[in-house]
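Colleague: So here's entry.cif, just mmCIF, C-alpha atoms:
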data_upload
#
loop_
_atom_site.group_PDB
_atom_site.id
_atom_site.type_symbol
_atom_site.label_atom_id
_atom_site.label_comp_id
_atom_site.auth_asym_id
_atom_site.auth_seq_id
_atom_site.Cartn_x
_atom_site.Cartn_y
_atom_site.Cartn_z
ATOM 1 C CA MET F 21 96.507 96.925 103.515
ATOM 2 C CA TYR F 22 96.331 100.669 103.590
ATOM 3 C CA ARG F 23 98.786 102.699 105.645
ATOM 4 C CA SER F 24 99.196 106.424 105.559
ATOM 5 C CA MET F 25 102.643 107.934 105.482
ATOM 6 C CA PHE F 26 102.052 110.017 108.578
ATOM 7 C CA PRO F 27 100.755 108.856 111.955
ATOM 8 C CA ARG F 28 96.991 109.141 111.899
ATOM 9 C CA ASP F 29 96.426 109.578 115.551
ATOM 10 C CA LEU F 30 99.071 110.409 118.086
ATOM 11 C CA PHE F 31 97.138 108.805 120.910
ATOM 12 C CA ALA F 32 96.683 105.596 118.948
ATOM 13 C CA GLU F 33 100.392 105.503 118.182
ATOM 14 C CA PHE F 34 101.299 106.031 121.834
ATOM 15 C CA ASP F 35 98.863 103.389 122.910
ATOM 16 C CA ARG F 36 100.271 100.930 120.416
ATOM 17 C CA LEU F 37 103.761 101.723 121.675
ATOM 18 C CA GLN F 38 102.692 101.291 125.263
ATOM 19 C CA ARG F 39 101.024 98.011 124.456
ATOM 20 C CA GLU F 40 104.158 96.762 122.723
ATOM 21 C CA ILE F 41 106.399 97.752 125.615
ATOM 22 C CA GLN F 42 103.999 96.225 128.088
ATOM 23 C CA GLN F 43 103.979 93.026 126.123
ATOM 24 C CA ALA F 44 107.757 92.906 126.250
ATOM 25 C CA PHE F 45 107.610 92.771 130.022
ATOM 26 C CA ASP F 46 104.444 90.713 130.199
ATOM 27 C CA ASN F 47 104.236 86.972 130.115
ATOM 28 C CA VAL F 48 105.760 85.176 127.201
ATOM 29 C CA PRO F 49 104.185 86.763 124.105
ATOM 30 C CA ASN F 50 101.455 84.924 122.299
ATOM 31 C CA ILE F 51 102.691 82.970 119.321
ATOM 32 C CA ARG F 52 99.860 84.463 117.344
ATOM 33 C CA GLY F 53 101.221 87.952 117.896
ATOM 34 C CA ALA F 54 99.579 91.165 119.008
ATOM 35 C CA GLY F 55 97.982 92.230 115.753
ATOM 36 C CA ALA F 56 95.692 89.772 114.041
ATOM 37 C CA GLY F 57 96.033 87.468 117.038
ATOM 38 C CA SER F 58 94.074 89.878 119.174
ATOM 39 C CA PHE F 59 90.901 90.262 117.132
ATOM 40 C CA PRO F 60 88.364 89.970 118.549
ATOM 41 C CA ALA F 61 89.186 91.471 121.952
ATOM 42 C CA LEU F 62 88.162 89.212 124.823
ATOM 43 C CA ASN F 63 86.980 89.794 128.355
ATOM 44 C CA VAL F 64 86.570 86.869 130.727
ATOM 45 C CA GLY F 65 84.703 86.956 133.998
ATOM 46 C CA ARG F 66 83.637 84.388 136.522
ATOM 47 C CA THR F 67 80.825 83.846 138.966
ATOM 48 C CA PRO F 68 80.554 80.877 141.310
ATOM 49 C CA GLN F 69 78.245 79.218 138.761
ATOM 50 C CA SER F 70 79.825 80.075 135.453
ATOM 51 C CA LEU F 71 82.588 81.452 133.304
ATOM 52 C CA GLU F 72 81.487 84.351 131.135
ATOM 53 C CA LEU F 73 83.365 85.176 128.005
ATOM 54 C CA TYR F 74 82.769 88.297 125.900
ATOM 55 C CA ALA F 75 84.211 88.531 122.393
ATOM 56 C CA PHE F 76 83.992 91.980 120.805
ATOM 57 C CA VAL F 77 83.289 91.058 117.194
ATOM 58 C CA PRO F 78 80.871 93.527 115.574
ATOM 59 C CA GLY F 79 79.366 93.285 112.099
ATOM 60 C CA MET F 80 79.161 89.500 111.866
ATOM 61 C CA ASP F 81 76.433 87.138 110.822
ATOM 62 C CA PRO F 82 76.154 85.076 114.030
ATOM 63 C CA LYS F 83 75.645 81.881 112.024
ATOM 64 C CA SER F 84 79.120 82.265 110.579
ATOM 65 C CA ILE F 85 80.965 82.505 113.906
ATOM 66 C CA GLU F 86 82.546 79.169 114.812
ATOM 67 C CA VAL F 87 82.666 78.389 118.523
ATOM 68 C CA ASN F 88 84.238 75.137 119.690
ATOM 69 C CA LEU F 89 84.957 73.766 123.130
ATOM 70 C CA GLU F 90 87.165 70.730 123.365
ATOM 71 C CA ARG F 91 88.913 69.529 126.510
ATOM 72 C CA GLY F 92 88.774 72.945 128.043
ATOM 73 C CA VAL F 93 90.105 74.723 124.978
ATOM 74 C CA LEU F 94 87.666 77.283 123.637
ATOM 75 C CA THR F 95 88.128 78.429 120.052
ATOM 76 C CA ILE F 96 86.346 81.370 118.452
ATOM 77 C CA ALA F 97 86.924 81.734 114.723
ATOM 78 C CA GLY F 98 85.349 83.251 111.662
ATOM 79 C CA GLU F 99 85.785 85.699 108.851
ATOM 80 C CA ARG F 100 84.814 89.310 108.888
ATOM 81 C CA GLN F 101 84.042 90.856 105.515
ATOM 82 C CA ALA F 102 85.603 94.176 104.681
ATOM 83 C CA ASP F 103 83.207 97.019 104.029
ATOM 84 C CA LEU F 104 85.439 98.458 101.352
ATOM 85 C CA PRO F 105 83.636 99.871 98.312
ATOM 86 C CA PRO F 106 84.206 98.164 94.968
ATOM 87 C CA ARG F 107 87.407 99.255 93.267
ATOM 88 C CA GLU F 108 85.975 100.798 90.131
ATOM 89 C CA GLU F 109 83.935 103.440 91.901
ATOM 90 C CA ARG F 110 86.639 106.130 92.094
ATOM 91 C CA THR F 111 86.589 106.086 95.836
ATOM 92 C CA SER F 112 89.445 107.212 98.089
ATOM 93 C CA VAL F 113 90.089 105.263 101.237
ATOM 94 C CA HIS F 114 91.086 107.845 103.834
ATOM 95 C CA ILE F 115 91.124 105.706 106.960
ATOM 96 C CA ASN F 116 91.160 101.906 107.191
ATOM 97 C CA GLU F 117 91.496 100.726 110.790
ATOM 98 C CA ARG F 118 88.797 98.107 111.134
ATOM 99 C CA PHE F 119 89.835 94.504 111.078
ATOM 100 C CA ALA F 120 88.768 92.379 108.119
ATOM 101 C CA GLY F 121 89.575 88.811 107.197
ATOM 102 C CA ARG F 122 89.882 85.512 109.043
ATOM 103 C CA PHE F 123 90.359 85.528 112.771
ATOM 104 C CA ARG F 124 90.903 82.894 115.416
ATOM 105 C CA ARG F 125 91.234 83.195 119.152
ATOM 106 C CA VAL F 126 91.979 80.340 121.450
ATOM 107 C CA ILE F 127 91.497 80.327 125.218
ATOM 108 C CA SER F 128 92.476 77.639 127.690
ATOM 109 C CA LEU F 129 89.955 77.109 130.419
ATOM 110 C CA PRO F 130 90.491 74.890 133.448
ATOM 111 C CA ASP F 131 89.405 71.535 132.065
ATOM 112 C CA ASP F 132 88.293 70.061 135.367
ATOM 113 C CA ASP F 133 86.018 73.005 136.062
ATOM 114 C CA VAL F 134 84.301 73.328 132.715
ATOM 115 C CA ASN F 135 80.978 71.613 132.169
ATOM 116 C CA PRO F 136 80.825 71.119 128.376
ATOM 117 C CA ASP F 137 77.104 70.359 128.510
ATOM 118 C CA GLY F 138 76.367 73.731 130.012
ATOM 119 C CA VAL F 139 77.541 76.115 127.295
ATOM 120 C CA THR F 140 75.408 78.815 125.726
ATOM 121 C CA ALA F 141 76.399 81.487 123.240
ATOM 122 C CA GLN F 142 74.531 84.664 122.367
ATOM 123 C CA TYR F 143 75.390 87.376 119.866
ATOM 124 C CA ARG F 144 74.021 90.810 120.644
ATOM 125 C CA ASP F 145 75.092 94.349 119.634
ATOM 126 C CA GLY F 146 78.271 92.990 118.115
ATOM 127 C CA VAL F 147 79.372 91.102 121.236
ATOM 128 C CA LEU F 148 79.439 87.307 121.431
ATOM 129 C CA GLN F 149 78.733 86.249 124.982
ATOM 130 C CA ILE F 150 79.606 82.667 125.887
ATOM 131 C CA SER F 151 78.461 81.337 129.209
ATOM 132 C CA ILE F 152 80.012 78.113 130.523
ATOM 133 C CA LYS F 153 78.700 76.357 133.604
ATOM 134 C CA ARG F 154 81.314 75.384 136.128
ATOM 135 C CA ARG F 155 81.460 71.903 137.533
ATOM 136 C CA SER F 156 82.406 73.344 140.862
ATOM 137 C CA ALA F 157 79.206 75.398 140.991
ATOM 138 C CA PRO F 158 77.737 74.981 144.446
ATOM 139 C CA GLN F 159 74.641 72.859 144.153
ATOM 140 C CA ALA F 160 72.001 73.914 146.598
ATOM 141 C CA ARG F 161 70.092 70.895 147.822
ATOM 142 C CA ARG F 162 66.922 71.337 149.676
ATOM 143 C CA ILE F 163 66.873 69.318 152.859
ATOM 144 C CA ASN F 164 63.452 68.132 153.849
ATOM 145 C CA VAL F 165 62.611 68.467 157.457
ATOM 146 C CA GLN F 166 60.771 65.422 158.735
ATOM 147 C CA MET M 8 95.144 97.223 109.323
ATOM 148 C CA ASN M 9 95.122 97.366 113.105
ATOM 149 C CA ALA M 10 92.369 96.542 115.531
ATOM 150 C CA ASN M 11 92.876 99.849 117.240
ATOM 151 C CA ASN M 12 91.130 100.003 120.583
ATOM 152 C CA SER M 13 93.310 102.667 122.094
ATOM 153 C CA VAL M 14 92.573 104.690 125.161
ATOM 154 C CA THR M 15 92.475 108.421 125.009
ATOM 155 C CA ASN M 16 91.655 110.956 127.638
ATOM 156 C CA ARG M 17 90.165 114.024 126.027
ATOM 157 C CA SER M 18 90.173 116.079 129.173
ATOM 158 C CA GLN M 19 91.939 119.002 127.557
ATOM 159 C CA GLU M 20 89.100 119.564 125.090
ATOM 160 C CA ASN M 21 86.207 118.705 127.346
ATOM 161 C CA PRO M 22 87.050 118.615 131.046
ATOM 162 C CA SER M 23 83.948 116.655 131.961
ATOM 163 C CA ALA M 24 84.592 113.811 129.494
ATOM 164 C CA GLU M 25 85.611 110.501 131.010
ATOM 165 C CA ALA M 26 88.273 108.296 129.524
ATOM 166 C CA ALA M 27 86.949 106.354 126.562
ATOM 167 C CA LEU M 28 88.093 103.919 123.921
ATOM 168 C CA LEU M 29 88.705 105.082 120.355
ATOM 169 C CA PRO M 30 86.472 103.035 118.054
ATOM 170 C CA PRO M 31 88.312 101.922 114.909
ATOM 171 C CA VAL M 32 86.881 103.455 111.735
ATOM 172 C CA ASP M 33 86.954 103.095 107.969
ATOM 173 C CA VAL M 34 86.386 106.304 106.016
ATOM 174 C CA PHE M 35 85.830 106.463 102.254
ATOM 175 C CA GLU M 36 85.164 109.369 99.986
ATOM 176 C CA ASP M 37 83.533 109.302 96.586
ATOM 177 C CA ALA M 38 82.346 112.079 94.329
ATOM 178 C CA SER M 39 79.116 112.653 96.221
ATOM 179 C CA GLY M 40 80.098 112.291 99.851
ATOM 180 C CA ILE M 41 81.837 110.504 102.679
ATOM 181 C CA THR M 42 80.998 107.105 104.150
ATOM 182 C CA LEU M 43 82.178 106.182 107.619
ATOM 183 C CA PHE M 44 82.043 102.806 109.363
ATOM 184 C CA ALA M 45 82.803 102.581 113.093
ATOM 185 C CA ASP M 46 83.107 99.502 115.310
ATOM 186 C CA LEU M 47 81.244 100.019 118.577
ATOM 187 C CA PRO M 48 80.643 96.512 119.922
ATOM 188 C CA GLY M 49 78.553 96.411 123.080
ATOM 189 C CA VAL M 50 76.775 99.694 122.361
ATOM 190 C CA THR M 51 73.005 99.602 121.902
ATOM 191 C CA LYS M 52 70.904 101.922 119.733
ATOM 192 C CA ASP M 53 69.764 103.742 122.871
ATOM 193 C CA SER M 54 73.243 104.308 124.206
ATOM 194 C CA LEU M 55 74.708 105.544 120.924
ATOM 195 C CA ASN M 56 75.095 109.303 120.713
ATOM 196 C CA LEU M 57 75.873 110.949 117.389
ATOM 197 C CA GLN M 58 76.460 114.676 117.297
ATOM 198 C CA LEU M 59 76.748 116.319 113.920
ATOM 199 C CA GLU M 60 77.613 119.977 113.793
ATOM 200 C CA SER M 61 78.348 121.876 110.624
ATOM 201 C CA ASP M 62 82.073 121.463 111.209
ATOM 202 C CA SER M 63 82.429 118.440 113.470
ATOM 203 C CA LEU M 64 81.221 114.922 114.106
ATOM 204 C CA THR M 65 81.223 113.310 117.551
ATOM 205 C CA ILE M 66 80.562 109.609 117.986
ATOM 206 C CA GLU M 67 79.906 108.430 121.536
ATOM 207 C CA GLY M 68 78.543 105.198 122.901
ATOM 208 C CA GLU M 69 78.150 103.460 126.239
ATOM 209 C CA MET M 70 78.453 99.693 126.359
ATOM 210 C CA ARG M 71 75.518 97.787 127.756
ATOM 211 C CA LEU M 72 76.762 94.254 128.333
ATOM 212 C CA PRO M 73 74.586 91.775 130.184
ATOM 213 C CA THR M 74 76.651 90.929 133.239
ATOM 214 C CA PRO M 75 75.607 88.328 135.784
ATOM 215 C CA GLU M 76 75.491 89.596 139.326
ATOM 216 C CA GLY M 77 78.662 89.185 141.305
ATOM 217 C CA MET M 78 80.840 88.532 138.279
ATOM 218 C CA GLU M 79 84.573 89.032 138.823
ATOM 219 C CA SER M 80 86.854 89.893 135.943
ATOM 220 C CA SER M 81 89.556 87.318 135.185
ATOM 221 C CA HIS M 82 90.921 88.792 131.995
ATOM 222 C CA ALA M 83 90.003 92.119 130.435
ATOM 223 C CA GLU M 84 91.272 93.354 127.103
ATOM 224 C CA VAL M 85 88.487 95.939 126.859
ATOM 225 C CA ARG M 86 88.897 97.965 130.011
ATOM 226 C CA LEU M 87 86.561 100.896 129.573
ATOM 227 C CA PRO M 88 82.808 100.776 129.018
ATOM 228 C CA ARG M 89 82.539 103.617 126.531
ATOM 229 C CA TYR M 90 83.703 104.856 123.139
ATOM 230 C CA ARG M 91 84.324 108.373 121.939
ATOM 231 C CA ARG M 92 85.775 109.799 118.779
ATOM 232 C CA VAL M 93 85.640 113.270 117.265
ATOM 233 C CA PHE M 94 86.280 114.352 113.665
ATOM 234 C CA SER M 95 86.353 117.760 112.086
ATOM 235 C CA LEU M 96 84.274 118.096 108.938
ATOM 236 C CA SER M 97 85.192 120.333 106.044
ATOM 237 C CA ARG M 98 82.638 122.803 104.827
ATOM 238 C CA GLU M 99 81.551 121.065 101.655
ATOM 239 C CA LEU M 100 80.002 118.239 103.703
ATOM 240 C CA ASP M 101 76.304 118.689 104.304
ATOM 241 C CA SER M 102 75.895 117.308 107.828
ATOM 242 C CA GLU M 103 72.172 118.080 107.861
ATOM 243 C CA GLN M 104 71.641 115.468 105.153
ATOM 244 C CA ALA M 105 73.623 112.806 106.967
ATOM 245 C CA VAL M 106 72.105 109.335 107.289
ATOM 246 C CA ALA M 107 73.105 106.750 109.900
ATOM 247 C CA GLU M 108 72.513 103.013 110.372
ATOM 248 C CA PHE M 109 73.530 101.007 113.403
ATOM 249 C CA ARG M 110 73.496 97.246 113.441
ATOM 250 C CA ASN M 111 75.395 94.564 115.388
ATOM 251 C CA GLY M 112 77.661 97.179 116.876
ATOM 252 C CA VAL M 113 78.656 98.706 113.527
ATOM 253 C CA LEU M 114 77.755 102.306 112.741
ATOM 254 C CA LYS M 115 77.453 103.299 109.098
ATOM 255 C CA LEU M 116 77.263 107.022 108.485
ATOM 256 C CA ARG M 117 76.844 108.679 105.123
ATOM 257 C CA ILE M 118 77.518 112.410 104.831
ATOM 258 C CA PRO M 119 76.803 113.793 101.382
ATOM 259 C CA LYS M 120 78.568 116.761 99.926
ATOM 260 C CA ALA M 121 76.547 119.941 99.583
ATOM 261 C CA GLN M 122 74.969 120.365 96.166
ATOM 262 C CA HIS M 123 77.203 123.221 95.158
ATOM 263 C CA ALA M 124 80.279 121.225 96.138
ATOM 264 C CA GLN M 125 79.565 118.244 93.898
ATOM 265 C CA PRO M 126 82.243 117.979 91.256
ATOM 266 C CA ARG M 127 81.466 119.431 87.873
ATOM 267 C CA LYS M 128 83.620 118.523 85.010
ATOM 268 C CA ILE M 129 85.189 121.621 83.491
ATOM 269 C CA GLU M 130 85.434 121.458 79.764
ATOM 270 C CA ILE M 131 88.793 122.492 78.484
ATOM 271 C CA SER M 132 88.677 124.067 75.091
ATOM 272 C CA VAL M 133 91.636 123.989 72.833
ATOM 273 C CA ASP M 134 92.077 126.616 70.152
#
Is it possible to give me this structure as structure tokens?

Modeller:
Amino acid sequence: MYRSMFPRDLFAEFDRLQREIQQAFDNVPNIRGAGAGSFPALNVGRTPQSLELYAFVPGMDPKSIEVNLERGVLTIAGERQADLPPREERTSVHINERFAGRFRRVISLPDDDVNPDGVTAQYRDGVLQISIKRRSAPQARRINVQ
Amino acid sequence: MNANNSVTNRSQENPSAEAALLPPVDVFEDASGITLFADLPGVTKDSLNLQLESDSLTIEGEMRLPTPEGMESSHAEVRLPRYRRVFSLSRELDSEQAVAEFRNGVLKLRIPKAQHAQPRKIEISVD
């Protein structure tokens, strides 16, 4: 783990500070912490038909990302390889901010609304998009007029 | 080793720039040049903008995420749809010879050092 002695980026430091303060006043902090517990970043959206989940996890082989849905608990896990050059090549590492190593994120979805047979996952441009059909999706039924 | 998606507003340098996320980077230097990796998930090849001047490097990208119509956000950890980061380059880097690859949201940029700046071992003679 490489850390420089001086702050690399004032804005990044302020943002980290703000995030930490915000977390102190937020809900009960995640047991997995703010650092490794928050890679990859997640965005969740919903439409009447589905829940859409976006995991920002660039540089992965999609076959190696593990996605599991069990009783409404969605788990995204995997390992991201570091792009560090081999040690013997006399290379200096100036900046090392990108996450590398094993990650795991767990999201609770409303169990009664999730349709586990209607889950698709697609990896594109470094974002894993998981689409989950909702049980409560309004089903349009065509009514035949006699 | 932080996943550093921080927000920065560069309005003092470029008044027309909108707020953007700072993509996390890894930067290495060896004898012949500098290698940079940047995480820009959600950015496509078409929406990536790399500007290399003789003394600066600007990395910009707009996210293009397929979003179903009428989607409402329930939980957003990534709150801006664009990345931007600027670096100053020292003069021995030959930005005209730079080579870039972009795959799965990861940018790999290689900037070699100018020929005259490559290290030459100086022989030390001892009388």

Colleague: Any chance you could resolve the PyMOL selection byres ((chain M) within 8 of (chain F)) against this file and give the residues as a ChimeraX atom specification?

Modeller: /M:8-11,13-15,31-38,44-51,75-85,110-113

Colleague: Name the residues that the PyMOL selection byres ((chain F and resi 91-98) around 8) picks from the file above, as a VMD selection string, using the file's chain letters and numbers.

Modeller: chain F and resid 84 to 90 99 to 100 122 to 132 134

Colleague: Can you tell me how far atom CA of Pro88 of chain M sits from atom CA of Ala26 of chain M, in Å to one decimal?

Modeller: 9.3 Å

Colleague: Report as lines of an AutoDock Vina configuration file the centre and the edge lengths, in Å to one decimal, of the axis-aligned box holding every listed atom of segment 81-90 of chain M, padded by 3 Å on each side.

Modeller:
center_x = 86.9
center_y = 96.1
center_z = 129.2
size_x = 14.7
size_y = 23.5
size_z = 18.0

Colleague: Could you jot down the atom CA of Thr42 of chain M to atom CA of Ala105 of chain M separation for me, Å, one decimal place?

Modeller: 9.7 Å

Colleague: For atom CA of Leu28 of chain M and atom CA of Leu57 of chain M, determine how far apart the two atoms are, in Å to one decimal place.

Modeller: 15.5 Å

Colleague: Just checking: using only C-alpha atoms, which residue out of M:Arg71, M:Lys52, M:Arg89, M:Lys120 ends up closest to Glu25 of chain M?

Modeller: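 Of the candidates, the smallest distance to Glu25 of chain M is held by M:Arg89.
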
Colleague: Within 6 Å of Glu67 of chain M, counting only C-alpha atoms, which residues show up once you throw out same-chain ones fewer than 5 positions away? Write them as a VMD selection string, please.

Modeller: chain M and resid 55 to 56 90 to 91
